[in-house]
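S.K.: Sharing a structure with you now.
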Amino acid sequence: MLRFPQGFVWGAATSSYQIEGGWLEGGKGMSVWDAFVHTPGKIVNGDMGDVAADHFHRFREDVALMAQMGLKAYRFSISWPRIQPTGRGEANPDGIRFYSVLIDALLENGITPWATLHHWDMPITLQLECDGWLNPEMAVYFKEYAEICFEQFGDRVKHWITLNEPWVTAILGYGQGHFAPGRVSQTEPYIAAHNMLRAHGLTVDAFRRKFHDRCGGIIGIANNCDWREPLTDSEQDKQAAQRALEFFLGWFADPIYTGEYPAVMRERVRERLPVFSDADRAVIKGSADYFGLNHYNTMYTAHAEKGKISHIDMESNAGLVDDQELALTDDDSWPKTDMGWNVAPWGCRKLLEWIDRRYDHPDIFLTENGCAAKDELINGQINDQDRIDFLAGYLRECHNAMKNGVQLKGYFVWSFMDNFEWALGYTKRFGLHYVDYRTGERIPKKSAQWYHGVIKNNGIF
Ligand code: GAL
């Protein structure tokens, strides 16, 4: 049996657009995702999040399910256009009320709320009027929105995450166009990322100066990263793997921990990589109380010269492979999740150790980890043993990383319940709870019962 330290945070996560529905209710404005999914051809099966898991109406039932499985912490996101329908100006009282009641319900059930301020559903008006994250002013708008949230919820929310996975917004939203706002470019990802980092920095600065004395609490960002294992022992491949990690996670974490982008990015991206002003650096450097990490996948990495990279590799490396000169592959013997992602728990341990070394031993929270599986409802039950095996494998390697000195303080399963899986619509199921999208009925899966046991025993069997 593996025991985790007392106080280890056992959580599960969701995001607003993926579960709430109520897309035009309660005074909510439209987000870039509302617009994106209503654009024919963007989402598998033409699926949309208009209703999603209907959490907007059924949140009390969901909190009851959380309590039933002994969940200690719940990570959710606040929909910016629910709070500010046009992204700027007055707050929407109905939006405030919705999250306020949700937070109270969590606290009444002994569940600690972890609030993400932005999980991709930016108000569409900011995209139309200002070009979204390409506009430097976005950092100020985001900070102003965040201040409304600190003011309204800071008395009860003590754990904040500014942005979820800015890498995904930059690469899939502004590079490949697979996600909202659907831009395709080799230049814009770097600009969007830069402005997201500036937004994060300004927000953390405001939190610390204006709210922390009164409300307390901790704040950070949730960055995503896969592990990159050198394909061979050659120096070239080892360097390629290191470069891949710096382009992936270093891109966002280095500025926060050192005030600069990784040198390898500066060398390769050159004038397309923006430069931080002194004022930017002053708020970005040191702007995380903990290291938030979302982790799902591992791939082999090899050096590959420009022009010799196949189209498939380019896709898997987010279209920016020319800047990185590497090729990603996987091993046929590795089990795959229903997303086609590799199950390689050792990659999680190696990544945690890489972060520990590079960023000088920070407190780390795994803010997302989990897997999609083909969950079949048989006699009203879902026996998702694959998911249990996945979670047990990853938790075991988390435990190993901790034995090796990594300061891992908590773990959030993605996801608390089945939800709208972005461009893949409702075709993938990640949840500990099954959702019948016709009736809205929720059914705890076997993994929910298993995780209940883990939480109760503060460890796994
Ligand atoms: C993350 C994202 C989540 C969820 C998950 C599984 O990148 O933050 O919203 O969709 O991947 O694909």
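A note on labels: chains of the structure tokens are A, B, ... as shown, every chain counts residues from 1, and ligands are counted from 1 in their shown order.
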Got a sec: who's within 8 Å of Gln381 in chain A, counting only C-alpha atoms, leaving out chain neighbours fewer than 3 positions off, as a PyMOL selection string?

M.R.: chain A and resi 377-378+443+445-446

S.K.: Report as JSON, numbers by chain all protein, DNA and RNA residues lying within 6 Å of Tyr74 in chain A, evaluated on only C-alpha atoms, omitting residues in the same chain fewer than 2 positions from it.

M.R.: {"A": [11, 12, 13, 113, 114]}

S.K.: Dump the neighbourhood of ligand 1 as a PyMOL selection string: all residues within 9 Å, distances computed on only C-alpha atoms and all ligand atoms.

M.R.: chain A and resi 13-15+17-18+119-120+164-165+168+222-224+294-296+339+368-372+414-415+419-422+428+430

S.K.: Give me every strand (DSSP E) residue in range 183-315 of chain A, going by DSSP on the backbone, as a list in words.

M.R.: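 Of range 183-315 of chain A, the ones in strand (DSSP E) are Ile218, Ile219, Gly220, Ile221, Ala222, Asn223, Asn224, Trp227, Arg228, Glu229, Pro230, Phe291, Gly292, Leu293, Asn294, Thr298, Met299, Tyr300, Thr301, Ala302 and His303 of chain A.
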
S.K.: Would you work out the distance separating CA of Phe412 in chain A from CA of Leu432 in chain A, expressed in Å to one decimal?

M.R.: 11.5 Å
